Structure formats: C-alpha cells, structure tokens
$ cat upload.cif   # mmCIF, C-alpha atoms
data_run
loop_
_atom_site.label_atom_id
_atom_site.label_comp_id
_atom_site.auth_asym_id
_atom_site.auth_seq_id
_atom_site.Cartn_x
_atom_site.Cartn_y
_atom_site.Cartn_z
CA MET A 1 48.36 54.85 22.23
CA THR A 2 44.58 55.10 22.15
CA GLY A 3 44.21 54.50 18.42
CA PRO A 4 45.30 56.07 15.15
CA HIS A 5 43.95 59.35 13.91
CA LEU A 6 40.66 58.78 12.09
CA ASP A 7 41.99 60.39 8.90
CA ALA A 8 45.07 58.17 8.71
CA PRO A 9 45.45 55.11 6.47
CA VAL A 10 45.73 51.69 8.08
CA ILE A 11 47.10 48.42 6.72
CA GLY A 12 44.78 45.45 6.87
CA LEU A 13 46.32 41.96 6.67
CA ASP A 14 44.25 38.82 6.15
CA LEU A 15 46.27 35.73 7.06
CA GLY A 16 44.86 32.42 5.89
CA GLY A 17 46.29 28.97 5.52
CA THR A 18 46.93 29.47 1.81
CA LYS A 19 47.59 33.18 1.23
CA ILE A 20 48.18 36.55 2.86
CA ALA A 21 46.16 39.45 1.51
CA ALA A 22 47.26 43.01 2.32
CA ALA A 23 45.43 46.27 1.71
CA LEU A 24 46.07 49.90 2.50
CA VAL A 25 42.68 51.19 3.64
CA GLY A 26 41.69 54.80 4.06
CA ALA A 27 39.47 56.09 6.88
CA ASP A 28 36.52 55.99 4.48
CA GLY A 29 37.02 52.27 3.86
CA THR A 30 38.49 52.75 0.39
CA VAL A 31 41.21 50.28 -0.60
CA ARG A 32 44.15 52.30 -1.92
CA ALA A 33 46.65 49.52 -2.57
CA ARG A 34 46.71 45.70 -2.55
CA HIS A 35 49.22 42.89 -2.40
CA THR A 36 48.99 39.11 -1.99
CA LEU A 37 51.56 36.39 -1.42
CA PRO A 38 51.47 32.73 -0.41
CA THR A 39 51.41 31.83 3.27
CA PRO A 40 54.57 29.87 4.18
CA ALA A 41 52.34 27.63 6.27
CA THR A 42 54.81 24.74 6.56
CA GLU A 43 57.84 26.87 7.45
CA GLY A 44 56.93 27.88 11.00
CA ALA A 45 55.66 30.95 12.82
CA GLU A 46 58.74 33.11 12.28
CA ALA A 47 58.48 32.66 8.53
CA VAL A 48 54.80 33.59 8.65
CA LEU A 49 55.57 36.75 10.64
CA ASP A 50 58.27 37.63 8.12
CA ALA A 51 55.79 37.16 5.27
CA LEU A 52 53.23 39.36 7.00
CA ALA A 53 55.85 42.08 7.31
CA VAL A 54 56.70 41.76 3.61
CA ALA A 55 53.02 42.08 2.70
CA ALA A 56 52.65 45.14 4.92
CA ARG A 57 55.67 46.85 3.37
CA ALA A 58 54.28 46.23 -0.10
CA VAL A 59 51.24 48.46 0.54
CA ARG A 60 52.62 50.86 3.12
CA THR A 61 52.68 54.54 2.28
CA HIS A 62 53.75 57.72 4.05
CA GLY A 63 51.39 58.42 6.95
CA THR A 64 50.37 54.83 7.61
CA VAL A 65 49.86 54.63 11.36
CA ALA A 66 48.92 51.07 12.28
CA ILE A 67 48.37 47.49 11.15
CA GLY A 68 45.37 45.28 11.78
CA VAL A 69 45.82 41.54 11.37
CA ALA A 70 42.92 39.16 10.83
CA ALA A 71 44.57 35.79 11.41
CA ALA A 72 43.73 32.12 11.36
CA GLY A 73 43.62 30.40 14.75
CA VAL A 74 42.25 31.26 18.17
CA ILE A 75 43.44 34.83 18.77
CA ASP A 76 43.50 36.74 22.05
CA PRO A 77 43.35 40.43 21.01
CA ALA A 78 44.27 41.71 24.47
CA ALA A 79 47.44 39.62 24.72
CA GLY A 80 48.13 39.81 20.98
CA THR A 81 48.83 36.08 20.86
CA VAL A 82 47.66 32.94 19.09
CA THR A 83 46.26 30.89 21.96
CA SER A 84 45.46 27.81 19.91
CA ALA A 85 45.61 26.69 16.28
CA THR A 86 45.30 23.67 14.05
CA ASP A 87 48.26 22.38 12.07
CA THR A 88 47.14 24.29 8.97
CA ILE A 89 49.95 26.73 9.87
CA ARG A 90 52.79 24.81 11.46
CA GLY A 91 53.83 25.99 14.92
CA TRP A 92 51.26 28.80 14.95
CA ALA A 93 49.88 28.16 18.45
CA GLY A 94 51.59 30.31 21.07
CA THR A 95 52.89 32.88 18.59
CA ALA A 96 53.25 36.46 19.84
CA LEU A 97 51.55 37.74 16.70
CA ALA A 98 51.10 41.43 17.51
CA ALA A 99 54.47 42.00 19.17
CA GLY A 100 56.32 40.01 16.51
CA LEU A 101 54.80 41.96 13.64
CA ALA A 102 55.09 45.32 15.41
CA THR A 103 58.81 44.74 15.91
CA ARG A 104 59.28 43.78 12.27
CA THR A 105 57.39 46.78 10.88
CA GLY A 106 57.84 49.53 13.46
CA LEU A 107 54.07 50.09 13.53
CA PRO A 108 51.56 49.32 16.30
CA VAL A 109 49.50 46.22 15.64
CA ALA A 110 46.01 45.03 16.63
CA CYS A 111 44.91 41.48 15.89
CA ASP A 112 41.92 39.19 15.99
CA ASN A 113 40.65 35.99 14.45
CA ASP A 114 40.17 36.41 10.71
CA VAL A 115 36.52 35.45 10.61
CA ARG A 116 35.56 37.65 13.57
CA ALA A 117 37.20 40.58 11.83
CA ALA A 118 35.23 39.90 8.66
CA ALA A 119 31.99 39.41 10.58
CA ALA A 120 32.28 42.84 12.15
CA THR A 121 31.80 44.40 8.71
CA GLU A 122 28.34 42.79 8.52
CA LEU A 123 27.03 44.29 11.75
CA ALA A 124 26.75 47.94 10.77
CA ASP A 125 23.16 47.81 9.52
CA LEU A 126 21.78 45.21 11.98
CA GLY A 127 21.35 47.68 14.82
CA ASP A 128 22.28 47.43 18.47
CA ASP A 129 20.33 44.18 18.93
CA GLY A 130 21.66 42.45 15.81
CA THR A 131 22.46 38.75 16.00
CA LEU A 132 24.68 37.25 13.32
CA ILE A 133 26.13 33.89 12.36
CA TYR A 134 29.12 34.16 10.05
CA ALA A 135 30.83 31.13 8.54
CA ALA A 136 33.96 31.10 6.40
CA VAL A 137 34.55 27.93 4.41
CA GLY A 138 37.93 27.70 2.76
CA THR A 139 41.16 25.90 3.64
CA GLY A 140 39.46 25.36 7.00
CA VAL A 141 36.02 26.18 8.37
CA GLY A 142 35.95 29.23 10.63
CA GLY A 143 33.15 31.25 12.07
CA ALA A 144 31.97 34.10 14.25
CA VAL A 145 28.88 34.85 16.26
CA ALA A 146 27.57 38.28 17.18
CA ALA A 147 24.82 39.07 19.67
CA SER A 148 23.37 42.43 20.67
CA GLY A 149 25.45 44.05 17.96
CA ARG A 150 28.81 42.79 19.27
CA VAL A 151 31.07 40.04 18.02
CA LEU A 152 31.61 37.49 20.80
CA HIS A 153 35.15 36.47 21.74
CA GLY A 154 34.32 34.00 24.53
CA ALA A 155 36.68 32.25 26.91
CA ALA A 156 40.25 32.20 25.55
CA GLY A 157 39.03 33.87 22.36
CA ILE A 158 37.49 30.65 21.05
CA ALA A 159 33.92 31.79 20.34
CA GLY A 160 32.72 31.15 16.80
CA HIS A 161 34.87 28.20 15.75
CA LEU A 162 32.04 26.60 13.80
CA GLY A 163 34.29 24.17 11.97
CA HIS A 164 34.66 22.18 15.15
CA LEU A 165 31.02 21.40 15.64
CA PRO A 166 30.27 17.66 15.50
CA SER A 167 28.99 16.68 12.05
CA PRO A 168 27.29 13.35 11.20
CA GLU A 169 28.63 13.63 7.66
CA ALA A 170 32.19 13.65 9.06
CA ASP A 171 31.73 10.60 11.29
CA GLY A 172 35.06 8.82 11.72
CA LEU A 173 37.09 11.44 9.85
CA PRO A 174 40.05 13.10 11.63
CA CYS A 175 39.87 16.88 12.04
CA THR A 176 42.84 19.22 11.87
CA CYS A 177 42.31 20.00 15.58
CA GLY A 178 43.01 16.38 16.53
CA ALA A 179 39.41 15.36 17.22
CA ILE A 180 37.22 13.09 15.12
CA GLY A 181 34.05 13.90 13.20
CA HIS A 182 34.09 17.69 13.11
CA LEU A 183 32.49 19.73 10.33
CA GLU A 184 35.84 20.92 8.96
CA ALA A 185 36.83 17.32 8.20
CA ILE A 186 34.16 17.03 5.49
CA ALA A 187 33.32 20.63 4.56
CA ALA A 188 36.61 22.49 4.07
CA GLY A 189 38.09 22.75 0.59
CA PRO A 190 40.86 20.18 1.14
CA ALA A 191 38.33 17.89 2.85
CA ILE A 192 35.97 17.99 -0.14
CA THR A 193 38.92 17.32 -2.45
CA ALA A 194 40.03 14.34 -0.36
CA HIS A 195 36.49 12.96 -0.11
CA CYS A 196 36.15 13.00 -3.90
CA ALA A 197 39.11 10.60 -4.07
CA ARG A 198 37.66 8.43 -1.28
CA LEU A 199 34.49 8.06 -3.34
CA GLY A 200 36.50 6.71 -6.26
CA GLY A 201 37.33 9.85 -8.19
CA GLU A 202 40.74 10.67 -9.58
CA PRO A 203 42.92 12.39 -6.98
CA ALA A 204 42.99 16.17 -7.39
CA ASP A 205 45.41 18.80 -6.14
CA ARG A 206 42.79 21.47 -5.41
CA LEU A 207 39.08 22.05 -5.01
CA GLN A 208 38.75 23.98 -8.27
CA THR A 209 39.70 20.83 -10.17
CA VAL A 210 36.93 18.94 -8.37
CA ALA A 211 34.47 21.73 -9.20
CA GLU A 212 35.44 21.60 -12.87
CA ARG A 213 34.87 17.85 -12.93
CA ALA A 214 31.47 18.28 -11.28
CA ALA A 215 30.54 20.86 -13.92
CA HIS A 216 31.19 18.16 -16.53
CA GLY A 217 29.00 15.64 -14.73
CA ASP A 218 31.54 13.64 -12.73
CA PRO A 219 29.43 11.84 -10.08
CA HIS A 220 32.23 11.53 -7.51
CA ALA A 221 33.03 15.23 -7.68
CA THR A 222 29.35 16.14 -7.52
CA SER A 223 28.78 13.92 -4.49
CA ALA A 224 31.80 15.28 -2.59
CA ILE A 225 30.81 18.90 -3.19
CA THR A 226 27.16 18.44 -2.29
CA LEU A 227 27.99 16.43 0.85
CA GLY A 228 30.30 19.16 2.12
CA ALA A 229 27.65 21.76 1.32
CA ARG A 230 24.87 19.82 3.05
CA ALA A 231 27.00 19.30 6.15
CA THR A 232 27.63 23.03 6.39
CA GLY A 233 23.98 23.89 5.75
CA ARG A 234 22.74 21.49 8.41
CA ALA A 235 25.18 22.79 11.01
CA LEU A 236 24.27 26.41 10.31
CA GLY A 237 20.56 25.64 10.35
CA GLY A 238 20.86 24.06 13.77
CA LEU A 239 22.80 27.06 15.06
CA ALA A 240 20.16 29.37 13.65
CA ASN A 241 17.51 27.58 15.69
CA ALA A 242 19.64 28.02 18.81
CA LEU A 243 20.60 31.67 18.30
CA GLY A 244 17.79 33.25 16.26
CA PRO A 245 20.06 35.31 13.98
CA HIS A 246 18.91 38.24 11.89
CA ARG A 247 21.48 37.30 9.26
CA VAL A 248 23.53 34.24 8.32
CA VAL A 249 26.57 34.86 6.13
CA VAL A 250 28.63 32.19 4.37
CA ALA A 251 31.98 33.43 3.07
CA GLY A 252 35.23 31.93 1.85
CA GLY A 253 36.57 30.35 -1.29
CA VAL A 254 34.48 27.17 -1.20
CA PRO A 255 31.05 28.85 -1.60
CA ARG A 256 32.39 30.68 -4.64
CA ILE A 257 32.90 27.48 -6.65
CA GLY A 258 29.39 27.73 -8.04
CA PRO A 259 25.65 27.10 -7.68
CA LEU A 260 26.01 23.34 -7.14
CA TYR A 261 27.57 24.02 -3.74
CA TRP A 262 25.46 27.04 -2.82
CA ASP A 263 22.12 25.47 -3.72
CA ALA A 264 22.88 22.30 -1.74
CA LEU A 265 23.92 24.36 1.29
CA CYS A 266 20.81 26.54 1.22
CA THR A 267 18.48 23.55 0.80
CA ALA A 268 20.03 21.75 3.77
CA PHE A 269 19.95 24.93 5.85
CA ALA A 270 16.27 25.57 5.14
CA ALA A 271 15.33 21.99 6.02
CA GLU A 272 16.61 22.46 9.59
CA LEU A 273 14.78 25.69 10.43
CA MET A 274 11.97 25.98 12.94
CA PRO A 275 8.80 27.75 11.66
CA PRO A 276 9.62 31.28 12.94
CA LEU A 277 12.84 31.25 10.89
CA ARG A 278 11.53 29.73 7.67
CA ALA A 279 12.23 32.88 5.63
CA LEU A 280 15.89 33.05 6.71
CA ARG A 281 18.51 32.14 4.10
CA PRO A 282 22.32 32.30 4.03
CA GLN A 283 23.84 35.24 2.19
CA PRO A 284 27.30 35.92 0.74
CA PRO A 285 29.33 38.62 2.54
CA ARG A 286 28.40 42.15 1.55
CA SER A 287 32.07 43.08 1.27
CA GLY A 288 32.76 40.14 -1.02
CA ALA A 289 36.25 38.70 -0.98
CA ASP A 290 37.50 41.87 0.80
CA ALA A 291 35.54 41.17 4.00
CA ALA A 292 38.46 39.91 6.10
CA VAL A 293 41.01 42.47 4.94
CA LEU A 294 38.55 45.35 5.46
CA GLY A 295 37.67 43.95 8.88
CA ALA A 296 41.37 43.77 9.70
CA ALA A 297 41.77 47.45 8.88
CA VAL A 298 39.10 48.31 11.47
CA LEU A 299 40.86 46.44 14.29
CA PRO A 300 43.37 49.20 15.22
CA ARG A 301 40.42 51.51 15.90
CA THR A 302 38.53 49.02 18.09
CA LEU A 303 41.03 46.70 19.82
CA PRO A 304 44.20 47.09 21.93
CA LEU A 305 47.28 48.24 20.05
CA HIS A 306 50.61 46.49 20.65
CA GLN A 307 53.66 48.66 20.21
CA PRO A 308 57.01 47.82 18.60
CA HIS A 309 59.77 46.58 20.95
CA THR A 310 57.36 45.50 23.68
CA THR A 311 56.51 42.11 25.14
CA GLY A 312 52.97 42.20 23.86
CA VAL A 313 51.34 44.36 26.53
CA PRO A 314 48.69 46.49 24.86
CA SER A 315 48.83 50.27 25.07
#
$ encode --input "upload.cif" --output "structure tokens"
Amino acid sequence: MTGPHLDAPVIGLDLGGTKIAAALVGADGTVRARHTLPTPATEGAEAVLDALAVAARAVRTHGTVAIGVAAAGVIDPAAGTVTSATDTIRGWAGTALAAGLATRTGLPVACDNDVRAAAATELADLGDDGTLIYAAVGTGVGGAVAASGRVLHGAAGIAGHLGHLPSPEADGLPCTCGAIGHLEAIAAGPAITAHCARLGGEPADRLQTVAERAAHGDPHATSAITLGARATGRALGGLANALGPHRVVVAGGVPRIGPLYWDALCTAFAAELMPPLRALRPQPPRSGADAAVLGAAVLPRTLPLHQPHTTGVPS
C-alpha cells in the first residue's frame, strides 16, 4: 500500500505517559471527532496496545483508511517498533507497535515518536532550508530537530531526545533512562513536583497543585517551577547556538501552567544566545494542544504503512 487516498479520513493517536488522545482527521486537517482515555502505563505493552485500539474505535467512521500513531519512546518508523523507552510506560521497549495495533484494528498503521510527529506540523512555513528545535515538556521531556526542512530521525530513531541532555540543575538526580543528571530529571512535570517536596514543600500529587501553590506565593513551589524552567531554557539556548534554528517551539503540559514558568524559561534561553541569535525566542506550538495528534494523522501519508496480520514489514 503506497498510502491512503488523499480525500480519506485518517485516525491520529497521540500516546503519552499519562493519556491517549485520538482524533479523526480529514484530508484538510479538520478534526471531525475526538476521544481521550488514560494510558495504562503500569500494565504493560499489551494493555497499552489494547487501549490504543479502543481509542481508535471511538473515533473511527466509515471510510477511515489508516491510523497514525505518535508515541512516546524511541520509535523506528520503518520497522514499526519501539527500539528503546524509559520506564514511563512499563515494558514499552521492544514493542511491535505498528503490527500490534494494525492487527487489533484491521487498519494499516504508520508510527513515529510523538514529538517528531508534532514538530512536522511546524515546518510547513519554514521553507526547504528550515531548521527547527522542538521541545515537549510534560510527563517526560521529549524533542525533535529538523534541518533543511526535514525532521531528523538519526541512528536507531533516537534523534531529538532533548530530555537526555546533561543538565547542571539536575546534578545527582536519577533520570528515567537510568542515567544521572539529565534534563528530564529536573524539568519534567513529575520532576518539578518532586523537587518542590525536596525543597521543603508539602508533597503534591501533580504539577497543577504545585502551580496553584506558586500562584499563592509558596516559595518552594515557585523555586521548583522556575528551576525546571531555567534548566529547559538553558539547554535550548545552548542547542540554538549549535544549530542556528529559525524557530524554537516549546510544547507540552508544563509550559501551559502559566507565565511564571514561561517567563523563566525565556529569560534563561535568551541569556545563552550568541549575538546573531539575540532576537530568537521560544514559541508555543502553532497547533496548540493538537500538535501531536495532528502530526500523527499525517504519518500514514509520509511514512511506511504496516498492514494487519503481518510481522511488521512495511508495505
């Protein structure tokens, strides 16, 4: 199969560590139906594949021809597999994502890393030479890099994993990947929440609680949020010096907690820039919270499709 007919609707699935978002997307990019459900992240890969299939069925309509999955982890689109993953989703590494979902739904499936899929939606107006840095800060810290108008996959599909850059602010802290001192360990939502408690604040069950405390002047909450923001800003500013991007996008749930976070990130980012880049500033995604699910819906038209009842060999 070379790709679905351009007039046919496609299902886009955005799989994160916390939730699965599904959308039925027309050829014109219009979202025709939506559904969300929690990710059964602690129940194993088979349960996650089952949940993806449930989400797809919830938005599927007559004439739907394919599914695109934007998934957490290091994804190999050609093999349709998860080549590596943190323990955010238990047992996710090694999963035959495309073949498993195609068999469950009866539809061909294309897949890629969630942040790369979202980043592709930002490239349209950058031109053939566009260079982009795209960060997604949520349950984890993901990323994507595009050069010459193309999103880079890199060896083993690992390109763009910005959360695993060394970060001075995370010195001594264990990362979900098993290493020590990576950006994700201080900048992701759960990391900010945990750091607030380490600073002496009351333990919280989620980042939004920390943000609400900061809004009421809690110094521990304020410090945890601004430290995570500064760490992200510094890392992105250094990357900007190395890559010379035309645009830097910061997406995900964490940046949406409010101006305290965003202002600290932008200030730290600007402080790192070399003179030719001094006017560059991070921007929110142009597709808003739909960036990953819309990017997922594009995947069946741009990446190998994996058919039902196969062993994962693309068509």
$ residues_around --input "upload.cif" --residues "Cys111 in chain A" --least-positions-apart "5" --cutoff "7 Å" --atoms "all atoms listed in the file" --output "MDAnalysis selection string"
chainID A and resid 68:70 77 80 98 299
$ write_last_selection --input "upload.cif" --atoms "C-alpha atoms" --output "PDB file, keeping the file's coordinate frame"
ATOM      1  CA  GLY A  68      45.370  45.280  11.780  1.00  0.00           C
ATOM      2  CA  VAL A  69      45.820  41.540  11.370  1.00  0.00           C
ATOM      3  CA  ALA A  70      42.920  39.160  10.830  1.00  0.00           C
ATOM      4  CA  PRO A  77      43.350  40.430  21.010  1.00  0.00           C
ATOM      5  CA  GLY A  80      48.130  39.810  20.980  1.00  0.00           C
ATOM      6  CA  ALA A  98      51.100  41.430  17.510  1.00  0.00           C
ATOM      7  CA  LEU A 299      40.860  46.440  14.290  1.00  0.00           C
TER       8      LEU A 299
END
$ closest_residue --input "upload.cif" --among "A:Pro259, A:Gly178, A:Pro245, A:Gly94" --to "Leu132 in chain A" --atoms "all atoms listed in the file"
A:Pro245
$ closest_residue --input "upload.cif" --among "A:Ile133, A:Ala235, A:Ala214, A:Leu24" --to "Ala146 in chain A" --atoms "only C-alpha atoms"
A:Ile133
$ atom_distance --input "upload.cif" --atom1 "CA of Thr131 in chain A" --atom2 "CA of Ala23 in chain A"
28.1 Å
$ residues_around --input "upload.cif" --residues "Ala292 in chain A" --least-positions-apart "4" --cutoff "12 Å" --atoms "all atoms listed in the file" --output "compact mmCIF listing (two decimals) with C-alpha atoms, keeping the file's coordinate frame"
# COMPACT_ATOMS: atom_id res chain seq x y z
CA GLY A 12 44.78 45.45 6.87
CA LEU A 13 46.32 41.96 6.67
CA ASP A 14 44.25 38.82 6.15
CA LEU A 15 46.27 35.73 7.06
CA GLY A 16 44.86 32.42 5.89
CA ILE A 20 48.18 36.55 2.86
CA ALA A 21 46.16 39.45 1.51
CA ALA A 22 47.26 43.01 2.32
CA ALA A 23 45.43 46.27 1.71
CA GLY A 68 45.37 45.28 11.78
CA VAL A 69 45.82 41.54 11.37
CA ALA A 70 42.92 39.16 10.83
CA ALA A 71 44.57 35.79 11.41
CA ALA A 72 43.73 32.12 11.36
CA CYS A 111 44.91 41.48 15.89
CA ASP A 112 41.92 39.19 15.99
CA ASN A 113 40.65 35.99 14.45
CA ASP A 114 40.17 36.41 10.71
CA VAL A 115 36.52 35.45 10.61
CA ARG A 116 35.56 37.65 13.57
CA ALA A 117 37.20 40.58 11.83
CA ALA A 118 35.23 39.90 8.66
CA ALA A 119 31.99 39.41 10.58
CA ALA A 120 32.28 42.84 12.15
CA THR A 121 31.80 44.40 8.71
CA GLU A 122 28.34 42.79 8.52
CA TYR A 134 29.12 34.16 10.05
CA ALA A 135 30.83 31.13 8.54
CA ALA A 136 33.96 31.10 6.40
CA GLY A 142 35.95 29.23 10.63
CA GLY A 143 33.15 31.25 12.07
CA ALA A 144 31.97 34.10 14.25
CA ALA A 251 31.98 33.43 3.07
CA GLY A 252 35.23 31.93 1.85
CA PRO A 285 29.33 38.62 2.54
CA ARG A 286 28.40 42.15 1.55
CA SER A 287 32.07 43.08 1.27
CA GLY A 288 32.76 40.14 -1.02
CA ALA A 296 41.37 43.77 9.70
CA ALA A 297 41.77 47.45 8.88
CA VAL A 298 39.10 48.31 11.47
CA LEU A 299 40.86 46.44 14.29
$ atom_distance --input "upload.cif" --atom1 "CA of Gly238 in chain A" --atom2 "CA of Val137 in chain A"
17.0 Å
$ resolve_selection --input "upload.cif" --expression "the PyMOL selection byres ((chain A and resi 31) around 10)" --output "MDAnalysis selection string"
chainID A and resid 9:12 22:30 32:34 290 293:294 297
$ resolve_selection --input "upload.cif" --expression "the PyMOL selection byres ((chain A and resi 206) around 9)" --output "MDAnalysis selection string"
chainID A and resid 189:190 193 204:205 207:210
$ resolve_selection --input "upload.cif" --expression "the PyMOL selection byres ((chain A and resi 260) around 9)" --output "list in words"
Ala211, Ala214, Ala215, Thr222, Ile225, Thr226, Ala229, Ile257, Gly258, Pro259, Tyr261, Trp262, Asp263, Ala264 and Leu265 of chain A
$ residues_around --input "upload.cif" --residues "Leu199 in chain A" --least-positions-apart "4" --cutoff "8 Å" --atoms "all atoms listed in the file" --output "VMD selection string"
chain A and resid 195 220 224
$ write_last_selection --input "upload.cif" --atoms "C-alpha atoms" --output "PDB file, in the frame of the given file"
ATOM      1  CA  HIS A 195      36.490  12.960  -0.110  1.00  0.00           C
ATOM      2  CA  HIS A 220      32.230  11.530  -7.510  1.00  0.00           C
ATOM      3  CA  ALA A 224      31.800  15.280  -2.590  1.00  0.00           C
TER       4      ALA A 224
END
$ atom_distance --input "upload.cif" --atom1 "CA of Ala78 in chain A" --atom2 "CA of Ala291 in chain A"
22.3 Å
$ closest_residue --input "upload.cif" --among "A:Ala188, A:Ala85, A:Ala8, A:Leu173" --to "Gly253 in chain A" --atoms "only C-alpha atoms"
A:Ala188
$ closest_residue --input "upload.cif" --among "A:Ala45, A:Ser167, A:Asp87, A:Ala124" --to "Arg150 in chain A" --atoms "only C-alpha atoms"
A:Ala124
$ closest_atom_pairs --input "upload.cif" --of "range 71-177 of chain A" --to "range 48-65 of chain A" --cutoff "10 Å" --atoms "only C-alpha atoms" --output "tab-separated table"
residue	atom	partner	partner_atom	distance
A:Ile89	CA	A:Val48	CA	8.5
A:Arg90	CA	A:Val48	CA	9.4
A:Gly91	CA	A:Val48	CA	9.9
A:Trp92	CA	A:Val48	CA	8.7
A:Thr95	CA	A:Leu49	CA	9.2
A:Ala96	CA	A:Leu49	CA	9.5
A:Leu97	CA	A:Leu49	CA	7.3
A:Ala98	CA	A:Leu49	CA	9.4
A:Gly100	CA	A:Leu49	CA	6.8
A:Leu101	CA	A:Leu49	CA	6.1
A:Ala102	CA	A:Ala53	CA	8.8
A:Thr103	CA	A:Ala53	CA	9.5
A:Arg104	CA	A:Ala53	CA	6.3
A:Thr105	CA	A:Ala53	CA	6.1
A:Gly106	CA	A:Val65	CA	9.7
A:Leu107	CA	A:Val65	CA	6.6
A:Pro108	CA	A:Val65	CA	7.4
A:Val109	CA	A:Val65	CA	9.4
